[in-house]
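Colleague: Structure file start.txt, compact mmCIF, C-alpha atoms and all ligand atoms, is pasted below:
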```txt
# COMPACT_ATOMS: atom_id res chain seq x y z
CA MET A 1 2.10 94.25 33.75
CA ASP A 2 5.69 95.19 34.56
CA GLU A 3 8.28 96.23 32.08
CA VAL A 4 10.34 93.08 31.67
CA LEU A 5 13.80 93.32 30.15
CA ILE A 6 14.98 89.83 29.30
CA GLU A 7 18.66 88.99 29.53
CA SER A 8 20.31 88.44 26.14
CA LEU A 9 23.65 88.72 24.40
CA PRO A 10 23.85 91.30 21.59
CA ASP A 11 22.56 90.07 18.21
CA ASP A 12 25.95 90.19 16.47
CA VAL A 13 27.48 88.01 19.21
CA LEU A 14 24.55 85.56 19.01
CA ALA A 15 25.00 85.37 15.23
CA SER A 16 28.65 84.33 15.53
CA LEU A 17 27.76 81.83 18.26
CA GLU A 18 25.16 80.26 15.99
CA VAL A 19 27.65 79.87 13.13
CA ARG A 20 30.15 78.29 15.51
CA ASP A 21 27.55 75.97 17.08
CA ARG A 22 26.30 74.80 13.68
CA TRP A 23 29.87 73.86 12.78
CA ARG A 24 30.42 72.07 16.10
CA SER A 25 27.21 70.09 15.86
CA ARG A 26 28.15 68.98 12.34
CA VAL A 27 31.50 67.83 13.71
CA ALA A 28 29.91 66.06 16.67
CA ARG A 29 27.33 64.28 14.53
CA PRO A 30 27.48 60.48 14.68
CA GLY A 31 30.03 59.55 12.04
CA GLY A 32 31.52 63.04 12.20
CA GLY A 33 34.14 61.72 14.56
CA LEU A 34 34.15 63.98 17.58
CA GLU A 35 32.47 62.05 20.37
CA PHE A 36 33.43 64.52 23.07
CA ILE A 37 30.26 66.13 24.39
CA VAL A 38 30.11 69.51 22.72
CA THR A 39 29.01 71.33 25.86
CA ASP A 40 32.11 69.98 27.62
CA LEU A 41 34.14 72.36 25.51
CA ALA A 42 32.66 75.21 27.55
CA ARG A 43 34.27 73.94 30.74
CA TRP A 44 37.48 75.41 32.13
CA GLN A 45 40.12 72.94 33.17
CA PRO A 46 39.12 71.44 36.55
CA GLY A 47 41.52 72.58 39.26
CA SER A 48 42.61 75.62 37.28
CA THR A 49 42.45 79.28 38.20
CA VAL A 50 40.37 81.56 35.99
CA ARG A 51 41.24 85.23 36.09
CA VAL A 52 38.64 87.98 36.41
CA ALA A 53 39.15 91.69 35.62
CA PHE A 54 36.90 94.74 35.82
CA LEU A 55 36.34 97.66 33.47
CA ARG A 56 35.62 100.70 35.64
CA GLY A 57 33.79 100.52 38.98
CA ASP A 58 35.42 101.11 42.36
CA THR A 59 37.16 98.76 44.75
CA ALA A 60 34.14 98.46 47.06
CA LEU A 61 32.01 97.19 44.16
CA HIS A 62 34.75 94.85 42.91
CA LYS A 63 35.12 93.45 46.41
CA ASP A 64 31.37 92.80 46.72
CA VAL A 65 31.20 91.06 43.34
CA ALA A 66 34.19 88.88 44.25
CA ALA A 67 32.64 88.02 47.62
CA ALA A 68 29.36 86.99 45.99
CA THR A 69 31.17 84.48 43.77
CA ARG A 70 32.71 82.68 46.75
CA GLN A 71 29.57 80.53 47.09
CA ILE A 72 30.43 79.19 43.62
CA THR A 73 34.14 78.51 44.11
CA ASP A 74 33.46 76.98 47.55
CA ALA A 75 31.34 74.35 45.80
CA CYS A 76 33.79 73.16 43.15
CA ASN A 77 37.37 72.54 42.11
CA LEU A 78 38.01 75.83 40.32
CA ASP A 79 39.36 79.14 41.53
CA LEU A 80 38.50 82.65 40.47
CA ASP A 81 41.43 85.06 40.76
CA PHE A 82 40.43 88.72 41.03
CA GLY A 83 44.06 89.87 41.15
CA VAL A 84 43.77 91.66 44.47
CA ASP A 85 46.78 93.85 45.24
CA GLU A 86 47.79 93.04 48.83
CA ALA A 87 49.00 96.57 49.50
CA THR A 88 46.19 98.66 47.99
CA GLY A 89 43.24 96.25 47.94
CA GLU A 90 42.74 97.10 44.26
CA HIS A 91 41.26 94.39 42.03
CA ARG A 92 42.47 93.52 38.54
CA ARG A 93 41.30 95.81 35.73
CA TRP A 94 41.13 95.48 31.96
CA THR A 95 40.84 98.15 29.25
CA GLU A 96 39.26 98.40 25.82
CA GLN A 97 42.75 98.92 24.37
CA ASP A 98 44.05 95.55 25.60
CA THR A 99 45.62 93.32 22.93
CA THR A 100 46.49 90.50 25.32
CA TYR A 101 44.13 88.99 27.89
CA ALA A 102 44.19 90.76 31.25
CA ALA A 103 41.73 88.04 32.29
CA GLU A 104 39.60 85.24 30.90
CA ILE A 105 36.44 86.78 32.37
CA ARG A 106 36.19 90.51 31.60
CA VAL A 107 33.46 92.26 33.55
CA GLY A 108 31.79 95.50 32.44
CA PHE A 109 29.10 97.58 34.15
CA ASP A 110 28.30 99.98 31.33
CA LEU A 111 26.06 98.14 28.86
CA PRO A 112 22.34 97.74 29.55
CA GLY A 113 21.21 94.55 31.23
CA PHE A 114 23.01 91.46 32.48
CA PHE A 115 24.63 88.76 30.37
CA SER A 116 27.67 86.56 30.07
CA LEU A 117 29.34 84.37 27.50
CA VAL A 118 29.25 80.72 28.49
CA GLY A 119 32.45 79.20 29.93
CA THR A 120 35.49 79.14 27.64
CA ASP A 121 33.61 81.22 25.05
CA SER A 122 34.77 84.10 27.27
CA ASN A 123 38.23 83.98 25.77
CA ASP A 124 37.43 82.63 22.32
CA PRO A 125 38.89 85.24 19.94
CA THR A 126 36.62 84.07 17.11
CA LEU A 127 33.41 85.09 18.92
CA GLY A 128 31.65 88.39 18.41
CA PRO A 129 32.42 91.09 15.85
CA PRO A 130 36.09 92.22 15.98
CA VAL A 131 35.21 95.82 16.80
CA GLY A 132 32.22 95.14 19.06
CA ARG A 133 32.06 95.81 22.77
CA VAL A 134 31.05 92.25 23.65
CA GLY A 135 32.91 89.11 22.62
CA GLY A 136 35.77 86.76 23.37
CA ARG A 137 38.67 89.09 22.54
CA PRO A 138 40.96 90.82 25.08
CA HIS A 139 39.33 94.23 24.56
CA GLN A 140 35.72 93.00 24.83
CA ARG A 141 33.31 92.47 27.71
CA SER A 142 32.53 88.81 28.34
CA LEU A 143 30.18 89.50 31.28
CA ASN A 144 28.01 92.55 31.96
CA LEU A 145 26.44 93.72 35.20
CA GLY A 146 24.66 96.75 33.78
CA GLY A 147 24.22 99.72 36.10
CA PHE A 148 25.91 98.15 39.13
CA THR A 149 28.11 101.26 39.45
CA THR A 150 25.06 103.45 40.14
CA ALA A 151 22.37 101.16 41.56
CA ARG A 152 22.39 97.43 42.18
CA PRO A 153 19.22 95.43 41.58
CA ALA A 154 17.38 93.80 44.48
CA ARG A 155 19.07 90.46 45.18
CA TRP A 156 22.15 91.61 43.25
CA GLU A 157 24.21 88.75 44.72
CA GLY A 158 21.88 86.34 42.92
CA THR A 159 22.45 88.25 39.67
CA VAL A 160 26.22 88.04 40.14
CA ARG A 161 26.04 84.29 40.83
CA HIS A 162 23.73 83.72 37.84
CA GLU A 163 26.13 85.50 35.45
CA PHE A 164 29.26 83.86 36.89
CA LEU A 165 27.63 80.44 36.58
CA HIS A 166 27.19 81.24 32.88
CA ALA A 167 30.87 82.21 32.82
CA LEU A 168 31.70 78.80 34.29
CA GLY A 169 29.68 76.91 31.68
CA PHE A 170 26.08 76.86 32.92
CA HIS A 171 23.09 77.44 30.64
CA HIS A 172 19.61 78.59 31.60
CA ALA A 173 17.41 76.18 33.50
CA HIS A 174 14.32 77.21 31.52
CA GLN A 175 16.08 75.85 28.41
CA ASN A 176 16.77 72.52 30.07
CA MET A 177 15.15 69.96 27.78
CA ARG A 178 14.21 67.86 30.80
CA GLY A 179 12.14 70.71 32.20
CA PRO A 180 8.53 71.75 31.59
CA CYS A 181 9.16 75.33 30.39
CA GLU A 182 8.83 74.84 26.64
CA ASN A 183 5.27 73.58 27.18
CA GLU A 184 4.55 76.06 29.93
CA PHE A 185 5.28 79.29 28.11
CA ARG A 186 2.18 81.02 26.68
CA TRP A 187 3.79 81.56 23.28
CA GLU A 188 0.67 82.84 21.48
CA ASP A 189 -1.78 85.64 22.27
CA ASP A 190 -5.07 84.87 23.97
CA PRO A 191 -7.66 84.15 21.21
CA ASP A 192 -8.93 87.37 19.59
CA TYR A 193 -6.36 89.55 21.41
CA VAL A 194 -6.34 93.04 19.91
CA PRO A 195 -2.73 94.34 19.90
CA THR A 196 -2.64 97.10 22.50
CA GLN A 197 0.40 99.09 23.66
CA ASP A 198 0.90 101.46 26.56
CA PRO A 199 2.63 104.84 26.00
CA ARG A 200 6.06 103.20 26.44
CA GLY A 201 5.32 100.70 23.68
CA VAL A 202 4.84 97.74 26.02
CA PHE A 203 2.17 95.28 24.83
CA VAL A 204 -0.59 95.10 27.46
CA PRO A 205 -3.95 93.31 27.80
CA ASP A 206 -6.64 94.69 25.49
CA ALA A 207 -9.93 96.31 26.51
CA ASN A 208 -11.47 92.86 27.01
CA GLY A 209 -8.66 91.64 29.26
CA ARG A 210 -7.14 89.32 26.65
CA ARG A 211 -3.38 89.08 27.07
CA PRO A 212 -0.49 89.22 24.62
CA GLY A 213 1.53 86.01 24.31
CA VAL A 214 5.29 85.74 24.79
CA TYR A 215 6.08 86.43 21.11
CA THR A 216 3.97 89.59 20.98
CA PHE A 217 5.08 90.85 24.37
CA LEU A 218 8.79 90.48 23.58
CA ALA A 219 8.29 92.12 20.15
CA GLY A 220 7.35 95.33 21.98
CA ALA A 221 9.31 97.73 24.21
CA PRO A 222 11.76 97.42 25.84
CA ASN A 223 12.98 94.19 24.18
CA PHE A 224 11.91 94.48 20.47
CA TRP A 225 12.75 90.83 19.81
CA PRO A 226 11.94 89.16 16.50
CA ARG A 227 10.47 85.66 16.76
CA GLN A 228 13.82 83.99 16.05
CA LYS A 229 15.45 85.71 19.02
CA VAL A 230 12.61 84.63 21.28
CA ASP A 231 13.14 81.05 20.12
CA HIS A 232 16.91 81.27 20.69
CA ASN A 233 16.56 82.62 24.21
CA LEU A 234 13.48 80.78 25.47
CA ARG A 235 13.00 77.55 23.57
CA THR A 236 14.75 74.36 24.57
CA GLY A 237 16.60 73.62 21.35
CA ASN A 238 18.26 70.34 20.53
CA PRO A 239 21.42 69.94 22.60
CA PRO A 240 20.86 68.26 25.97
CA ASP A 241 21.67 70.54 28.85
CA VAL A 242 24.42 68.35 30.26
CA VAL A 243 25.54 71.04 32.67
CA ALA A 244 22.26 71.73 34.44
CA GLY A 245 21.32 68.10 34.95
CA PRO A 246 17.76 67.57 36.16
CA PHE A 247 15.36 70.51 35.94
CA ASP A 248 15.65 72.41 39.19
CA ARG A 249 13.11 75.00 40.30
CA LYS A 250 15.47 76.26 42.99
CA SER A 251 18.37 76.93 40.60
CA VAL A 252 19.71 80.48 40.33
CA MET A 253 19.81 79.67 36.61
CA LEU A 254 16.00 79.53 36.42
CA TYR A 255 14.82 82.87 35.16
CA SER A 256 11.93 84.53 36.92
CA PHE A 257 9.31 85.53 34.34
CA ALA A 258 6.15 87.54 34.92
CA PRO A 259 3.10 85.32 35.68
CA PHE A 260 1.49 86.04 32.28
CA PHE A 261 4.41 84.23 30.57
CA TYR A 262 3.06 80.92 31.86
CA SER A 263 -0.01 79.01 30.74
CA THR A 264 -0.77 77.62 34.19
CA SER A 265 -0.72 79.09 37.68
CA PRO A 266 1.21 78.21 39.71
CA SER A 267 3.51 77.12 36.88
CA PRO A 268 5.90 74.18 37.29
CA CYS A 269 8.38 76.35 35.34
CA ALA A 270 8.32 79.22 37.87
CA PRO A 271 11.31 79.47 40.21
CA MET A 272 11.09 78.31 43.84
CA GLY A 273 14.51 79.46 45.01
CA ASN A 274 15.21 82.67 46.90
CA GLY A 275 16.85 84.28 43.87
CA LEU A 276 20.05 84.67 45.88
CA ASP A 277 21.71 81.40 46.74
CA LEU A 278 22.91 78.40 44.76
CA SER A 279 20.59 75.42 45.07
CA ASP A 280 21.80 71.95 46.07
CA LEU A 281 21.54 70.92 42.42
CA ASP A 282 23.50 74.00 41.28
CA ARG A 283 26.26 72.84 43.62
CA ARG A 284 25.98 69.31 42.32
CA GLY A 285 26.28 70.61 38.74
CA LEU A 286 29.37 72.57 39.72
CA ARG A 287 30.99 69.47 41.23
CA LEU A 288 30.21 67.50 38.05
CA LEU A 289 31.78 70.21 35.90
CA TYR A 290 34.74 70.79 38.18
CA PRO A 291 35.29 67.57 40.13
CA ASP A 292 37.96 67.27 42.76
CA VAL A 293 37.96 63.49 42.85
CA GLU A 294 40.55 61.72 40.78
CA ALA A 295 38.04 59.49 38.98
CA GLY A 296 35.99 62.43 37.70
CA ILE A 297 39.05 64.27 36.43
CA ALA A 298 40.49 61.15 34.85
CA ASP A 299 37.22 60.58 32.99
CA ILE A 300 37.28 64.09 31.49
CA ALA A 301 40.94 63.70 30.49
CA MET A 302 40.28 60.31 28.92
CA ARG A 303 37.32 61.49 26.85
CA ALA A 304 39.23 64.59 25.71
CA ASN A 305 42.15 62.39 24.70
CA ARG A 306 39.89 60.14 22.66
CA ALA A 307 38.36 63.13 20.86
CA LEU A 308 41.85 64.49 20.19
CA SER A 309 43.05 61.27 18.63
CA GLN A 310 39.96 61.27 16.40
CA LEU A 311 40.75 64.79 15.28
CA ASN A 312 44.41 64.00 14.73
CA GLY A 313 43.43 60.81 12.93
CA GLY A 314 42.44 63.05 10.05
CA GLN A 315 38.67 62.70 10.00
CA GLU A 316 37.83 64.36 6.68
CA SER A 317 34.63 65.98 7.85
CA ILE A 318 36.44 67.73 10.68
CA ARG A 319 39.59 68.86 8.97
CA VAL A 320 37.90 71.22 6.56
CA ALA A 321 36.63 74.71 6.12
CA HIS A 322 36.91 76.23 9.56
CA PRO A 323 40.58 76.44 10.61
CA ALA A 324 40.07 78.99 13.41
CA GLN A 325 37.25 76.96 14.95
CA GLU A 326 39.21 73.75 14.59
CA ASP A 327 42.26 75.28 16.28
CA ARG A 328 40.05 76.43 19.13
CA VAL A 329 38.59 72.95 19.65
CA LEU A 330 42.09 71.44 19.58
CA GLU A 331 43.29 73.96 22.14
CA LEU A 332 40.36 73.28 24.50
CA LEU A 333 40.66 69.50 24.16
CA THR A 334 44.41 69.61 24.73
CA GLY A 335 43.88 71.56 27.94
CA LEU A 336 41.27 69.10 29.21
CA ALA A 337 43.26 66.07 28.11
CA THR A 338 46.19 67.12 30.29
CA THR A 339 44.10 67.79 33.40
CA ARG A 340 45.63 66.09 36.44
CA ALA A 341 44.03 65.34 39.74
ZN ZN B 1 21.27 84.10 32.21
```
Would you mind giving the structure from this file in structure tokens?

Modeller:
Amino acid sequence: MDEVLIESLPDDVLASLEVRDRWRSRVARPGGGLEFIVTDLARWQPGSTVRVAFLRGDTALHKDVAAATRQITDACNLDLDFGVDEATGEHRRWTEQDTTYAAEIRVGFDLPGFFSLVGTDSNDPTLGPPVGRVGGRPHQRSLNLGGFTTARPARWEGTVRHEFLHALGFHHAHQNMRGPCENEFRWEDDPDYVPTQDPRGVFVPDANGRRPGVYTFLAGAPNFWPRQKVDHNLRTGNPPDVVAGPFDRKSVMLYSFAPFFYSTSPSPCAPMGNGLDLSDLDRRGLRLLYPDVEAGIADIAMRANRALSQLNGGQESIRVAHPAQEDRVLELLTGLATTRA
């Protein structure tokens, strides 16, 4: 059984996301007034240019990361601007002292693992702890490609595309409510499993070959996840995954888990893609999020406008308690409402 480190945002960032999402779902509740699909708020303005900056790393690495994202921008009506200096070839950088945004997407290589905030959360100054290293503020990482400065993982281009799709608003395919993964994960231990750990603290099969379930396995090294974190990262949850569309086994957003995570073999939840390239449905999702046809853009603008007028109409349940969050929603809606083809 391999050591499996599952991708996750830091706990303090997740906590602030959960507070925000609870508020948004209250607002979006029928009768709450805001009919705009909540996940839409994660989308950048179609046709816009989103800036990217790097913390540390050399130009060769920056260039490779930028090149890997081209498959994404080729498929949709959104540009990523890496701020390449024509004369020197240098890419845009950000620092942990920044007080204004060098870029909407701020890449770091120095924290363990890979993760990214989703879409416009990347520059939401209310997300994450003010002094933390990850969050939506100018001095915080919004996307991490851990260890890329020393050694890149196998199929690193796939990792880059996975994280940048998060940064453009995509969620995980295994959490797509239309998919089979919730029922496919072996949440519980095999019956009569005796908790057994190897010297590194990884839960392994016991002397009789009974296996730990997902909860037990992730509670051990190297993840040490409490049950609630497992649920947050692996279970489907309530909101429909409007971005991912149909469940897609070839998506780069479908996480590859070890075989013992699944209750059947071969599992319908296991990925079928090459782990490198966007699938046809990934591209389709990108075009839905960032359409280049007038009708698609007009539809987004119209729905954002309607949500704005509801907010400005003084819906009591919205205009209370959370001024920073409300301002953020207004800002995002205003941007989308003014999108032009
Ligand atoms: Zn991910």

Colleague: Please provide as a ChimeraX atom specification all residues within 9 Å of Asp280 of chain A, with the sequence filter that same-chain residues fewer than 5 positions apart are discarded (counting all atoms listed in the file).

Modeller: /A:250-251,285

Colleague: Could you list, as a ChimeraX atom specification, all the residues within 8 Å of ligand ZN 1 (chain B), counting all atoms listed in the file?

Modeller: /A:7-8,114-116,162-163,166,171-172,253,255

Colleague: Considering all atoms listed in the file, state which residue in the set A:Phe185, A:Trp23, A:Pro291, A:Ala15 is at the smallest distance from Gln228 of chain A.

Modeller: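 Under the stated criterion, the closest residue is A:Ala15.
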
Colleague: Would you mind telling me which residue in A:Asp21, A:Asp124, A:Glu331, A:Asp277 lies nearest to Tyr101 of chain A when using all atoms listed in the file?

Modeller: A:Asp124

Colleague: Considering only C-alpha atoms, return as a list in words whatever protein or nucleic-acid residues lie within 12 Å of Asp299 of chain A, sequence-local ones (same chain, fewer than 4 positions apart) excluded.

Modeller: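 Once the adjacent positions are removed, what remains is Phe36, Asp40, Pro46, Leu288, Leu289, Tyr290, Pro291, Asp292, Val293, Glu294, Ala295, Arg303, Ala304, Asn305, Arg306, Leu336, Ala337, Thr338, Thr339, Arg340 and Ala341 of chain A.
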
Colleague: Env of Arg328 of chain A: 10 Å cut, atoms = all atoms listed in the file, seq-sep filter 5 positions within chain, self excluded. Answer as a VMD selection string.

Modeller: chain A and resid 41 121 124 to 126 323 333 to 334
